[in-house]
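Visitor: Okay, so here is upload03.cif, and as you'll see once you scroll down, it has mmCIF, C-alpha atoms.
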```cif
data_work
#
loop_
_atom_site.group_PDB
_atom_site.id
_atom_site.type_symbol
_atom_site.label_atom_id
_atom_site.label_comp_id
_atom_site.auth_asym_id
_atom_site.auth_seq_id
_atom_site.Cartn_x
_atom_site.Cartn_y
_atom_site.Cartn_z
ATOM 1 C CA MET A 1 -40.284 -60.482 -68.226
ATOM 2 C CA LEU A 2 -37.129 -58.461 -68.321
ATOM 3 C CA ASP A 3 -35.681 -57.058 -65.094
ATOM 4 C CA THR A 4 -35.089 -53.327 -65.753
ATOM 5 C CA ARG A 5 -33.755 -52.519 -62.277
ATOM 6 C CA GLN A 6 -30.220 -51.138 -62.161
ATOM 7 C CA PRO A 7 -27.705 -53.037 -60.105
ATOM 8 C CA VAL A 8 -27.119 -51.453 -56.714
ATOM 9 C CA THR A 9 -23.507 -50.303 -56.300
ATOM 10 C CA ALA A 10 -21.937 -49.728 -52.903
ATOM 11 C CA ARG A 11 -21.275 -46.084 -52.043
ATOM 12 C CA PRO A 12 -17.629 -45.273 -51.362
ATOM 13 C CA ALA A 13 -16.878 -44.929 -47.666
ATOM 14 C CA ALA A 14 -16.177 -41.476 -46.335
ATOM 15 C CA ARG A 15 -12.501 -40.784 -46.549
ATOM 16 C CA ALA A 16 -10.876 -40.586 -43.152
ATOM 17 C CA PRO A 17 -9.206 -37.288 -42.399
ATOM 18 C CA GLY A 18 -5.573 -37.218 -43.320
ATOM 19 C CA ARG A 19 -2.640 -37.042 -40.944
ATOM 20 C CA ALA A 20 -1.935 -33.428 -41.885
ATOM 21 C CA GLY A 21 -5.502 -32.436 -41.017
ATOM 22 C CA ARG A 22 -5.292 -34.058 -37.607
ATOM 23 C CA GLN A 23 -1.992 -32.335 -36.854
ATOM 24 C CA ARG A 24 -3.456 -28.991 -37.927
ATOM 25 C CA ARG A 25 -6.450 -29.407 -35.635
ATOM 26 C CA GLN A 26 -4.174 -30.395 -32.752
ATOM 27 C CA GLN A 27 -2.053 -27.307 -33.329
ATOM 28 C CA LEU A 28 -5.109 -25.062 -33.422
ATOM 29 C CA LEU A 29 -6.398 -26.663 -30.235
ATOM 30 C CA GLY A 30 -3.027 -26.129 -28.563
ATOM 31 C CA TRP A 31 -2.977 -22.457 -29.583
ATOM 32 C CA ALA A 32 -6.523 -22.062 -28.304
ATOM 33 C CA PHE A 33 -5.457 -23.283 -24.858
ATOM 34 C CA LEU A 34 -2.279 -21.178 -24.996
ATOM 35 C CA ALA A 35 -3.959 -17.935 -26.113
ATOM 36 C CA PRO A 36 -5.359 -16.929 -22.664
ATOM 37 C CA LEU A 37 -1.936 -17.412 -21.068
ATOM 38 C CA VAL A 38 -0.201 -15.387 -23.786
ATOM 39 C CA ALA A 39 -2.796 -12.620 -23.461
ATOM 40 C CA TYR A 40 -2.342 -12.585 -19.680
ATOM 41 C CA LEU A 41 1.457 -12.368 -19.943
ATOM 42 C CA LEU A 42 1.321 -9.598 -22.532
ATOM 43 C CA LEU A 43 -1.275 -7.600 -20.612
ATOM 44 C CA CYS A 44 0.027 -8.024 -17.075
ATOM 45 C CA TYR A 45 3.779 -8.323 -17.703
ATOM 46 C CA GLY A 46 4.702 -7.245 -21.212
ATOM 47 C CA TYR A 47 2.778 -3.966 -21.280
ATOM 48 C CA PRO A 48 3.925 -2.789 -17.803
ATOM 49 C CA LEU A 49 7.524 -3.694 -18.635
ATOM 50 C CA VAL A 50 7.497 -1.757 -21.912
ATOM 51 C CA THR A 51 5.777 1.170 -20.179
ATOM 52 C CA ASN A 52 8.378 1.174 -17.413
ATOM 53 C CA VAL A 53 11.230 1.189 -19.933
ATOM 54 C CA ASP A 54 9.595 4.100 -21.785
ATOM 55 C CA LEU A 55 9.107 5.870 -18.445
ATOM 56 C CA SER A 56 12.809 5.541 -17.642
ATOM 57 C CA LEU A 57 13.790 7.110 -20.993
ATOM 58 C CA ARG A 58 11.703 10.270 -20.607
ATOM 59 C CA SER A 59 11.666 13.290 -18.319
ATOM 60 C CA TYR A 60 8.279 13.080 -16.646
ATOM 61 C CA THR A 61 6.635 15.618 -14.390
ATOM 62 C CA VAL A 62 3.264 15.331 -12.718
ATOM 63 C CA ARG A 63 1.668 17.245 -15.587
ATOM 64 C CA THR A 64 3.290 15.244 -18.388
ATOM 65 C CA PHE A 65 2.607 12.000 -16.489
ATOM 66 C CA VAL A 66 -1.118 12.782 -16.609
ATOM 67 C CA HIS A 67 -1.426 14.549 -19.971
ATOM 68 C CA GLY A 68 1.532 13.057 -21.853
ATOM 69 C CA GLY A 69 4.154 14.816 -23.933
ATOM 70 C CA ALA A 70 7.190 14.031 -21.791
ATOM 71 C CA PRO A 71 10.442 14.726 -23.695
ATOM 72 C CA LEU A 72 12.748 11.860 -24.542
ATOM 73 C CA VAL A 73 16.030 12.087 -22.608
ATOM 74 C CA TRP A 74 17.327 8.582 -23.399
ATOM 75 C CA PHE A 75 19.729 7.419 -20.671
ATOM 76 C CA ASP A 76 19.938 10.620 -18.629
ATOM 77 C CA ASN A 77 17.776 9.102 -15.901
ATOM 78 C CA TYR A 78 20.104 6.122 -15.616
ATOM 79 C CA ALA A 79 23.120 8.443 -15.459
ATOM 80 C CA SER A 80 21.535 10.447 -12.644
ATOM 81 C CA VAL A 81 20.738 7.243 -10.761
ATOM 82 C CA PHE A 82 24.205 5.727 -11.127
ATOM 83 C CA THR A 83 25.940 8.942 -10.069
ATOM 84 C CA ASP A 84 23.681 9.453 -7.063
ATOM 85 C CA PRO A 85 25.492 8.579 -3.789
ATOM 86 C CA THR A 86 22.374 6.742 -2.628
ATOM 87 C CA PHE A 87 22.729 4.200 -5.442
ATOM 88 C CA ARG A 88 25.872 2.637 -4.015
ATOM 89 C CA THR A 89 24.340 2.382 -0.542
ATOM 90 C CA ALA A 90 21.045 0.969 -1.865
ATOM 91 C CA LEU A 91 22.818 -1.559 -4.089
ATOM 92 C CA LEU A 92 25.071 -2.742 -1.265
ATOM 93 C CA ASP A 93 22.140 -2.984 1.156
ATOM 94 C CA THR A 94 20.163 -4.926 -1.445
ATOM 95 C CA LEU A 95 22.991 -7.420 -1.982
ATOM 96 C CA VAL A 96 23.603 -7.896 1.762
ATOM 97 C CA PHE A 97 19.878 -8.146 2.517
ATOM 98 C CA THR A 98 19.320 -10.650 -0.297
ATOM 99 C CA ALA A 99 22.383 -12.819 0.395
ATOM 100 C CA ALA A 100 21.779 -13.020 4.152
ATOM 101 C CA SER A 101 18.072 -13.728 3.680
ATOM 102 C CA LEU A 102 18.677 -16.537 1.167
ATOM 103 C CA LEU A 103 21.453 -18.108 3.247
ATOM 104 C CA PHE A 104 19.496 -18.289 6.488
ATOM 105 C CA GLN A 105 16.109 -18.982 4.911
ATOM 106 C CA TYR A 106 17.518 -21.939 3.004
ATOM 107 C CA GLY A 107 19.655 -23.208 5.895
ATOM 108 C CA ILE A 108 16.877 -23.038 8.476
ATOM 109 C CA GLY A 109 14.303 -24.306 5.973
ATOM 110 C CA LEU A 110 16.476 -27.306 5.067
ATOM 111 C CA ALA A 111 17.147 -28.134 8.724
ATOM 112 C CA THR A 112 13.456 -28.007 9.608
ATOM 113 C CA ALA A 113 12.525 -29.970 6.477
ATOM 114 C CA VAL A 114 14.931 -32.759 7.460
ATOM 115 C CA PHE A 115 13.534 -32.669 10.996
ATOM 116 C CA PHE A 116 9.924 -32.937 9.824
ATOM 117 C CA ALA A 117 10.819 -35.703 7.351
ATOM 118 C CA ARG A 118 10.744 -38.011 10.349
ATOM 119 C CA ASN A 119 7.288 -39.341 11.040
ATOM 120 C CA PHE A 120 6.175 -38.431 14.533
ATOM 121 C CA ARG A 121 2.821 -37.635 16.078
ATOM 122 C CA LEU A 122 2.963 -33.830 16.266
ATOM 123 C CA GLY A 123 4.822 -33.412 12.979
ATOM 124 C CA PRO A 124 1.899 -32.230 10.809
ATOM 125 C CA THR A 125 0.641 -29.862 13.524
ATOM 126 C CA LEU A 126 4.034 -28.245 14.084
ATOM 127 C CA ARG A 127 4.615 -27.974 10.350
ATOM 128 C CA ALA A 128 1.299 -26.182 9.970
ATOM 129 C CA LEU A 129 2.259 -23.737 12.735
ATOM 130 C CA PHE A 130 5.494 -22.980 10.895
ATOM 131 C CA LEU A 131 3.418 -21.752 7.935
ATOM 132 C CA VAL A 132 1.765 -18.948 9.921
ATOM 133 C CA PRO A 133 4.352 -16.219 9.109
ATOM 134 C CA TRP A 134 4.128 -17.071 5.414
ATOM 135 C CA LEU A 135 0.314 -17.019 5.363
ATOM 136 C CA LEU A 136 -0.061 -13.686 7.152
ATOM 137 C CA PRO A 137 -0.315 -10.495 5.067
ATOM 138 C CA LEU A 138 3.046 -8.754 4.857
ATOM 139 C CA ILE A 139 1.695 -5.647 6.548
ATOM 140 C CA VAL A 140 0.740 -7.792 9.557
ATOM 141 C CA SER A 141 4.102 -9.587 9.596
ATOM 142 C CA GLY A 142 6.022 -6.319 9.310
ATOM 143 C CA SER A 143 3.979 -4.651 12.033
ATOM 144 C CA THR A 144 4.472 -7.662 14.322
ATOM 145 C CA CYS A 145 8.241 -7.592 13.811
ATOM 146 C CA ALA A 146 8.311 -3.829 14.414
ATOM 147 C CA TRP A 147 6.447 -4.356 17.706
ATOM 148 C CA LEU A 148 8.768 -7.186 18.788
ATOM 149 C CA LEU A 149 11.889 -5.119 18.025
ATOM 150 C CA ASN A 150 10.645 -1.847 19.479
ATOM 151 C CA SER A 151 13.396 -0.210 21.522
ATOM 152 C CA GLU A 152 11.183 0.892 24.402
ATOM 153 C CA SER A 153 8.514 -1.766 24.761
ATOM 154 C CA GLY A 154 9.651 -4.595 22.485
ATOM 155 C CA VAL A 155 9.604 -8.199 23.628
ATOM 156 C CA VAL A 156 13.111 -8.867 22.275
ATOM 157 C CA ASN A 157 14.728 -6.147 24.384
ATOM 158 C CA ALA A 158 12.730 -7.301 27.402
ATOM 159 C CA VAL A 159 14.069 -10.851 27.018
ATOM 160 C CA LEU A 160 17.607 -9.563 26.517
ATOM 161 C CA GLY A 161 17.214 -7.492 29.693
ATOM 162 C CA TRP A 162 16.501 -10.652 31.679
ATOM 163 C CA PHE A 163 19.985 -11.876 30.743
ATOM 164 C CA GLY A 164 21.629 -8.595 31.647
ATOM 165 C CA ALA A 165 22.062 -7.293 28.100
ATOM 166 C CA GLY A 166 21.633 -3.610 27.358
ATOM 167 C CA ARG A 167 18.927 -2.069 25.213
ATOM 168 C CA ILE A 168 19.417 -2.295 21.450
ATOM 169 C CA ASP A 169 17.868 0.278 19.129
ATOM 170 C CA TRP A 170 16.877 -2.274 16.515
ATOM 171 C CA LEU A 171 14.897 0.066 14.266
ATOM 172 C CA THR A 172 16.443 3.467 14.966
ATOM 173 C CA SER A 173 20.163 2.682 14.952
ATOM 174 C CA PRO A 174 22.055 2.807 11.617
ATOM 175 C CA SER A 175 24.072 -0.197 12.783
ATOM 176 C CA TRP A 176 21.035 -2.396 13.471
ATOM 177 C CA ALA A 177 18.307 -1.279 11.049
ATOM 178 C CA LEU A 178 19.402 -3.483 8.146
ATOM 179 C CA VAL A 179 19.955 -6.415 10.512
ATOM 180 C CA SER A 180 16.437 -5.986 11.891
ATOM 181 C CA VAL A 181 14.657 -6.017 8.521
ATOM 182 C CA THR A 182 16.811 -8.952 7.422
ATOM 183 C CA ILE A 183 15.807 -10.956 10.507
ATOM 184 C CA ALA A 184 12.151 -10.160 9.812
ATOM 185 C CA ASN A 185 12.453 -11.252 6.178
ATOM 186 C CA ILE A 186 14.179 -14.485 7.210
ATOM 187 C CA TRP A 187 11.350 -15.241 9.623
ATOM 188 C CA ILE A 188 8.782 -14.666 6.876
ATOM 189 C CA GLY A 189 10.622 -16.701 4.213
ATOM 190 C CA VAL A 190 11.588 -19.816 6.177
ATOM 191 C CA PRO A 191 8.119 -21.484 5.819
ATOM 192 C CA PHE A 192 8.315 -21.309 2.005
ATOM 193 C CA ASN A 193 11.689 -23.062 2.024
ATOM 194 C CA LEU A 194 10.350 -25.604 4.494
ATOM 195 C CA VAL A 195 7.361 -26.511 2.323
ATOM 196 C CA VAL A 196 9.300 -26.839 -0.943
ATOM 197 C CA LEU A 197 12.279 -28.693 0.505
ATOM 198 C CA HIS A 198 10.043 -31.017 2.545
ATOM 199 C CA SER A 199 8.206 -31.937 -0.662
ATOM 200 C CA GLY A 200 11.545 -32.660 -2.317
ATOM 201 C CA LEU A 201 12.602 -34.903 0.555
ATOM 202 C CA GLN A 202 9.423 -36.941 0.182
ATOM 203 C CA ASN A 203 10.446 -37.833 -3.387
ATOM 204 C CA ILE A 204 13.772 -39.385 -2.377
ATOM 205 C CA PRO A 205 13.346 -43.189 -2.330
ATOM 206 C CA ALA A 206 13.736 -44.822 1.059
ATOM 207 C CA GLU A 207 15.762 -47.609 -0.596
ATOM 208 C CA VAL A 208 18.633 -45.186 -1.162
ATOM 209 C CA TYR A 209 18.874 -44.483 2.551
ATOM 210 C CA GLU A 210 18.652 -48.192 3.338
ATOM 211 C CA ALA A 211 21.492 -48.945 0.942
ATOM 212 C CA ALA A 212 23.606 -46.189 2.468
ATOM 213 C CA SER A 213 22.928 -47.522 5.969
ATOM 214 C CA LEU A 214 23.960 -51.023 4.908
ATOM 215 C CA ASP A 215 27.221 -49.543 3.624
ATOM 216 C CA GLY A 216 27.853 -48.119 7.075
ATOM 217 C CA ALA A 217 26.952 -44.489 6.417
ATOM 218 C CA GLY A 218 25.990 -42.462 9.471
ATOM 219 C CA ALA A 219 23.375 -39.715 9.698
ATOM 220 C CA TRP A 220 25.703 -36.945 8.568
ATOM 221 C CA GLN A 221 27.140 -39.057 5.726
ATOM 222 C CA ARG A 222 23.630 -39.921 4.513
ATOM 223 C CA PHE A 223 22.724 -36.241 4.496
ATOM 224 C CA ARG A 224 25.937 -35.203 2.751
ATOM 225 C CA HIS A 225 26.127 -37.938 0.133
ATOM 226 C CA VAL A 226 22.444 -38.806 -0.372
ATOM 227 C CA THR A 227 20.023 -36.109 0.760
ATOM 228 C CA PHE A 228 21.850 -32.982 -0.322
ATOM 229 C CA PRO A 229 22.871 -34.189 -3.844
ATOM 230 C CA LEU A 230 19.422 -35.614 -4.641
ATOM 231 C CA LEU A 231 17.793 -32.424 -3.341
ATOM 232 C CA ARG A 232 19.941 -30.183 -5.559
ATOM 233 C CA PRO A 233 17.323 -29.537 -8.309
ATOM 234 C CA VAL A 234 14.693 -28.583 -5.723
ATOM 235 C CA SER A 235 17.234 -26.456 -3.889
ATOM 236 C CA ALA A 236 18.122 -24.591 -7.062
ATOM 237 C CA ILE A 237 14.546 -23.599 -7.875
ATOM 238 C CA THR A 238 13.935 -22.707 -4.212
ATOM 239 C CA LEU A 239 16.922 -20.363 -4.159
ATOM 240 C CA LEU A 240 15.970 -18.826 -7.503
ATOM 241 C CA LEU A 241 12.405 -18.078 -6.401
ATOM 242 C CA GLY A 242 13.708 -16.776 -3.091
ATOM 243 C CA LEU A 243 16.172 -14.513 -4.905
ATOM 244 C CA VAL A 244 13.516 -13.015 -7.176
ATOM 245 C CA TYR A 245 11.183 -12.479 -4.222
ATOM 246 C CA THR A 246 13.839 -11.004 -1.923
ATOM 247 C CA LEU A 247 15.135 -8.539 -4.520
ATOM 248 C CA LYS A 248 11.741 -6.858 -4.649
ATOM 249 C CA VAL A 249 10.902 -6.905 -0.923
ATOM 250 C CA PHE A 250 9.406 -3.550 -0.065
ATOM 251 C CA ASP A 251 6.538 -3.959 2.392
ATOM 252 C CA VAL A 252 8.468 -5.278 5.370
ATOM 253 C CA ILE A 253 11.284 -2.734 5.103
ATOM 254 C CA TRP A 254 8.936 0.192 4.590
ATOM 255 C CA ILE A 255 6.702 -0.753 7.505
ATOM 256 C CA MET A 256 9.593 -1.300 9.904
ATOM 257 C CA THR A 257 12.138 1.429 9.055
ATOM 258 C CA ARG A 258 11.006 3.263 5.876
ATOM 259 C CA GLY A 259 14.544 2.743 4.617
ATOM 260 C CA GLY A 260 16.080 4.651 7.525
ATOM 261 C CA PRO A 261 17.576 5.848 9.640
ATOM 262 C CA ASP A 262 19.694 7.986 7.301
ATOM 263 C CA GLY A 263 19.283 5.436 4.520
ATOM 264 C CA ALA A 264 20.835 2.617 6.572
ATOM 265 C CA SER A 265 18.204 0.112 5.412
ATOM 266 C CA THR A 266 17.467 1.585 1.980
ATOM 267 C CA THR A 267 17.339 -1.020 -0.782
ATOM 268 C CA LEU A 268 16.750 -0.530 -4.484
ATOM 269 C CA ALA A 269 13.064 -1.356 -4.011
ATOM 270 C CA THR A 270 12.497 1.219 -1.274
ATOM 271 C CA TRP A 271 14.622 3.815 -3.068
ATOM 272 C CA SER A 272 12.578 3.385 -6.238
ATOM 273 C CA TYR A 273 9.419 4.030 -4.232
ATOM 274 C CA GLN A 274 10.933 7.062 -2.521
ATOM 275 C CA LEU A 275 11.943 8.575 -5.857
ATOM 276 C CA GLY A 276 8.526 8.061 -7.413
ATOM 277 C CA PHE A 277 6.122 8.609 -4.541
ATOM 278 C CA GLY A 278 8.066 9.743 -1.482
ATOM 279 C CA SER A 279 8.064 13.500 -2.075
ATOM 280 C CA LEU A 280 5.933 16.321 -3.412
ATOM 281 C CA LEU A 281 8.129 16.466 -6.530
ATOM 282 C CA PRO A 282 8.201 12.877 -7.767
ATOM 283 C CA ARG A 283 10.993 11.763 -10.096
ATOM 284 C CA PHE A 284 9.205 9.166 -12.181
ATOM 285 C CA GLY A 285 12.024 8.639 -14.673
ATOM 286 C CA PRO A 286 14.785 7.818 -12.149
ATOM 287 C CA SER A 287 12.288 5.730 -10.163
ATOM 288 C CA ALA A 288 11.553 3.619 -13.242
ATOM 289 C CA ALA A 289 15.284 3.351 -13.960
ATOM 290 C CA VAL A 290 15.935 1.891 -10.496
ATOM 291 C CA GLY A 291 13.070 -0.549 -11.059
ATOM 292 C CA ASN A 292 14.630 -1.662 -14.328
ATOM 293 C CA VAL A 293 17.940 -2.274 -12.544
ATOM 294 C CA LEU A 294 16.071 -4.627 -10.207
ATOM 295 C CA ILE A 295 14.498 -6.404 -13.186
ATOM 296 C CA LEU A 296 17.933 -6.761 -14.767
ATOM 297 C CA LEU A 297 19.365 -8.309 -11.593
ATOM 298 C CA ALA A 298 16.516 -10.823 -11.469
ATOM 299 C CA LEU A 299 16.992 -11.603 -15.181
ATOM 300 C CA VAL A 300 20.714 -12.243 -14.701
ATOM 301 C CA ALA A 301 19.912 -14.595 -11.819
ATOM 302 C CA GLY A 302 17.420 -16.474 -13.988
ATOM 303 C CA LEU A 303 19.927 -16.843 -16.842
ATOM 304 C CA LEU A 304 22.582 -18.133 -14.461
ATOM 305 C CA TYR A 305 20.080 -20.683 -13.143
ATOM 306 C CA ILE A 306 19.236 -21.880 -16.664
ATOM 307 C CA ARG A 307 22.922 -22.171 -17.511
ATOM 308 C CA ALA A 308 23.634 -24.168 -14.367
ATOM 309 C CA GLN A 309 20.699 -26.476 -15.093
ATOM 310 C CA ARG A 310 21.950 -27.150 -18.623
ATOM 311 C CA ARG A 311 25.414 -27.948 -17.327
ATOM 312 C CA GLN A 312 23.956 -30.321 -14.781
ATOM 313 C CA GLU A 313 21.837 -32.078 -17.403
ATOM 314 C CA ALA A 314 24.814 -32.353 -19.742
ATOM 315 C CA ALA A 315 26.910 -33.871 -16.987
#
```
Please, can you express the file's structure as structure tokens?

Guide:
Amino acid sequence: MLDTRQPVTARPAARAPGRAGRQRRQQLLGWAFLAPLVAYLLLCYGYPLVTNVDLSLRSYTVRTFVHGGAPLVWFDNYASVFTDPTFRTALLDTLVFTAASLLFQYGIGLATAVFFARNFRLGPTLRALFLVPWLLPLIVSGSTCAWLLNSESGVVNAVLGWFGAGRIDWLTSPSWALVSVTIANIWIGVPFNLVVLHSGLQNIPAEVYEAASLDGAGAWQRFRHVTFPLLRPVSAITLLLGLVYTLKVFDVIWIMTRGGPDGASTTLATWSYQLGFGSLLPRFGPSAAVGNVLILLALVAGLLYIRAQRRQEAA
């Protein structure tokens, strides 16, 4: 009897996806994870920035701000800002306020970070207490500093009186107003520097210090030749973030002095607010122009940081 059954042939195995297909799926997956971030940046940063630039190029009134139709004046708002006598004062106050804040915040933060790098029993508790000014809302911190520096009933003047010093009008004297808000901002910003720099110190290997000690290096030499150079990348990002934050400080200054007296503590941030919302006839265009000047200063600082980082990596 003949066998009429056909021979069974093995089916070809399913072809594995090619390398190009896998790369395409990985790219699509990467874009899917990146899309929410891009949407957030465009919505919360890109759109306000473009709107602010458009605002600075038009002559807005209250009516045109609500209903639209503001005429395009190009750079007239910038010209009015740059020729205003307040601009020079606000720019100088901003530079002094920012430079002094960064210098003392970083110096005090580095000193306290080195101090807390030593392991002792109350170290974590004291370090947590140092974070209190940073964790408080700025309106609370500003109000506290205004109470401490009050000319009549402030604690600072009371303590100075115990040592025979005269009363200082911290908030109402043109000579002391900028100093007062700078001291308050330093007090608020030191904890941030402490936290970041302390984290950087924890990443420095203990073997480096041991080798330096064996070579006869003292405490100051170890700090100068080991700690400070190895902490330079962390220091750079700390100063950059502090610069961007300090340039836009508004709450503390406004709560304590409102930019006064006679503009003695007016910065670009407070002046921008005064132009846009500080009177019955707001000047939205010049206010936006001052805000863009602040953005430009922060952008220049960021570019300088990137350039310095590239030089350091190349070296």

Visitor: Would you pick out the contacts of A:Pro261 at 8 Å or less, using all atoms listed in the file, so that residues sharing its chain but fewer than 5 positions from it are not included, and give the list as a list in words?

Guide: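 The filter keeps Leu171, Thr172, Ser173, Pro174 and Ala177 of chain A.
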
Visitor: Any chance you could work out the residue set of the PyMOL selection byres ((chain A and resi 119-127) around 12) here, as a PDB file with C-alpha atoms, keeping the file's coordinate frame?

Guide:
```
ATOM      1  CA  GLY A 109      14.303 -24.306   5.973  1.00  0.00           C
ATOM      2  CA  THR A 112      13.456 -28.007   9.608  1.00  0.00           C
ATOM      3  CA  ALA A 113      12.525 -29.970   6.477  1.00  0.00           C
ATOM      4  CA  VAL A 114      14.931 -32.759   7.460  1.00  0.00           C
ATOM      5  CA  PHE A 115      13.534 -32.669  10.996  1.00  0.00           C
ATOM      6  CA  PHE A 116       9.924 -32.937   9.824  1.00  0.00           C
ATOM      7  CA  ALA A 117      10.819 -35.703   7.351  1.00  0.00           C
ATOM      8  CA  ARG A 118      10.744 -38.011  10.349  1.00  0.00           C
ATOM      9  CA  ALA A 128       1.299 -26.182   9.970  1.00  0.00           C
ATOM     10  CA  LEU A 129       2.259 -23.737  12.735  1.00  0.00           C
ATOM     11  CA  PHE A 130       5.494 -22.980  10.895  1.00  0.00           C
ATOM     12  CA  LEU A 131       3.418 -21.752   7.935  1.00  0.00           C
ATOM     13  CA  VAL A 132       1.765 -18.948   9.921  1.00  0.00           C
ATOM     14  CA  PRO A 133       4.352 -16.219   9.109  1.00  0.00           C
ATOM     15  CA  TRP A 134       4.128 -17.071   5.414  1.00  0.00           C
ATOM     16  CA  VAL A 190      11.588 -19.816   6.177  1.00  0.00           C
ATOM     17  CA  PRO A 191       8.119 -21.484   5.819  1.00  0.00           C
ATOM     18  CA  PHE A 192       8.315 -21.309   2.005  1.00  0.00           C
ATOM     19  CA  ASN A 193      11.689 -23.062   2.024  1.00  0.00           C
ATOM     20  CA  LEU A 194      10.350 -25.604   4.494  1.00  0.00           C
ATOM     21  CA  VAL A 195       7.361 -26.511   2.323  1.00  0.00           C
ATOM     22  CA  HIS A 198      10.043 -31.017   2.545  1.00  0.00           C
ATOM     23  CA  GLN A 202       9.423 -36.941   0.182  1.00  0.00           C
TER      24      GLN A 202
END
```

Visitor: As an exercise, work out the distance from atom CA of A:Thr86 to atom CA of A:Ser56 in Å and give it to one decimal place.

Guide: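 These two atoms are separated by 17.8 Å.
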
Visitor: Just checking: using all atoms listed in the file, which residue out of A:Thr98, A:Arg224, A:Gly107, A:Tyr209 ends up closest to A:Ala298?

Guide: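 Answer, going by the shortest atom-to-atom distance: A:Thr98.
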
Visitor: List, as a list in words, every residue that the PyMOL selection byres ((chain A and resi 242) around 9) selects in the file provided.

Guide: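 Matching residues under the PyMOL selection byres ((chain A and resi 242) around 9) are Thr98, Ser101, Leu102, Gln105, Tyr106, Gly189, Phe192, Asn193, Ile237, Thr238, Leu239, Leu240, Leu241, Leu243, Val244, Tyr245, Thr246 and Leu247 of chain A.
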
Visitor: Include C-alpha atoms and write out the residues we just selected as a PDB file, in the frame of the given file.

Guide:
```pdb
ATOM      1  CA  THR A  98      19.320 -10.650  -0.297  1.00  0.00           C
ATOM      2  CA  SER A 101      18.072 -13.728   3.680  1.00  0.00           C
ATOM      3  CA  LEU A 102      18.677 -16.537   1.167  1.00  0.00           C
ATOM      4  CA  GLN A 105      16.109 -18.982   4.911  1.00  0.00           C
ATOM      5  CA  TYR A 106      17.518 -21.939   3.004  1.00  0.00           C
ATOM      6  CA  GLY A 189      10.622 -16.701   4.213  1.00  0.00           C
ATOM      7  CA  PHE A 192       8.315 -21.309   2.005  1.00  0.00           C
ATOM      8  CA  ASN A 193      11.689 -23.062   2.024  1.00  0.00           C
ATOM      9  CA  ILE A 237      14.546 -23.599  -7.875  1.00  0.00           C
ATOM     10  CA  THR A 238      13.935 -22.707  -4.212  1.00  0.00           C
ATOM     11  CA  LEU A 239      16.922 -20.363  -4.159  1.00  0.00           C
ATOM     12  CA  LEU A 240      15.970 -18.826  -7.503  1.00  0.00           C
ATOM     13  CA  LEU A 241      12.405 -18.078  -6.401  1.00  0.00           C
ATOM     14  CA  LEU A 243      16.172 -14.513  -4.905  1.00  0.00           C
ATOM     15  CA  VAL A 244      13.516 -13.015  -7.176  1.00  0.00           C
ATOM     16  CA  TYR A 245      11.183 -12.479  -4.222  1.00  0.00           C
ATOM     17  CA  THR A 246      13.839 -11.004  -1.923  1.00  0.00           C
ATOM     18  CA  LEU A 247      15.135  -8.539  -4.520  1.00  0.00           C
TER      19      LEU A 247
END
```

Visitor: Between A:Leu230, A:Ala289, A:Leu34, A:Ile306, which one has atoms that come closest to A:Trp74, using all atoms listed in the file?

Guide: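 Smallest separation from A:Trp74 among the options: A:Ala289.
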
Visitor: Need to verify the contact set: A:Ile255, 10 Å, all atoms listed in the file, exclusion of same-chain residues closer than 2 positions in sequence. Can you return it as a PyMOL selection string?

Guide: chain A and resi 138-146+181+250-253+257-259

Visitor: Using atom CA of A:Ala158 and atom CA of A:Trp170 as the two end points, give the distance in Å to one decimal.

Guide: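 Separating atom CA of A:Ala158 from atom CA of A:Trp170 is a distance of 12.7 Å.
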
Visitor: Edge lengths and centre in Å to one decimal, as lines of an AutoDock Vina configuration file, of the axis-aligned box that encloses all listed atoms of stretch 232-243 of chain A with 3 Å added on every side?

Guide:
```
center_x = 16.2
center_y = -22.3
center_z = -5.7
size_x = 13.5
size_y = 21.7
size_z = 11.2
```

Visitor: Report, in Å to a single decimal, how far apart atom CA of A:Ala90 and atom CA of A:Trp254 are.

Guide: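 Result for atom CA of A:Trp254 versus atom CA of A:Ala90: 13.7 Å, one decimal.
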
Visitor: Quick one: of A:Ala301, A:Ala39, A:Ile186, A:Ala288, who's nearest to A:Ala236, counting all atoms listed in the file?

Guide: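 Of A:Ala301, A:Ala39, A:Ile186, A:Ala288, the one nearest A:Ala236, counting all atoms listed in the file, is A:Ala301.
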
Visitor: Would you please work out which residue, of A:Gly291, A:Gly285, A:Gly260, A:Gly21, is nearest to A:Leu55 when using all atoms listed in the file?

Guide: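 Comparing A:Gly291, A:Gly285, A:Gly260, A:Gly21 against A:Leu55, the winner is A:Gly285.
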
Visitor: Where does the PyMOL selection byres ((chain A and resi 68-70) around 12) land in this file, that is, which residues does it pick, as a PyMOL selection string?

Guide: chain A and resi 54-67+71-74+284-285

Visitor: Calculated over all atoms listed in the file, which of the candidates A:Leu297, A:Val196, A:Val53, A:Val81 has the smallest distance to A:Leu275?

Guide: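 Looking only at the distances to A:Leu275, the closest residue turns out to be A:Val81.
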
Visitor: Out of A:Pro36, A:Ile183, A:Gly218, A:Leu268, which residue has the shortest atom-to-atom distance to A:Leu148 when counting only C-alpha atoms?

Guide: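 For A:Leu148, the nearest of the given residues is A:Ile183.
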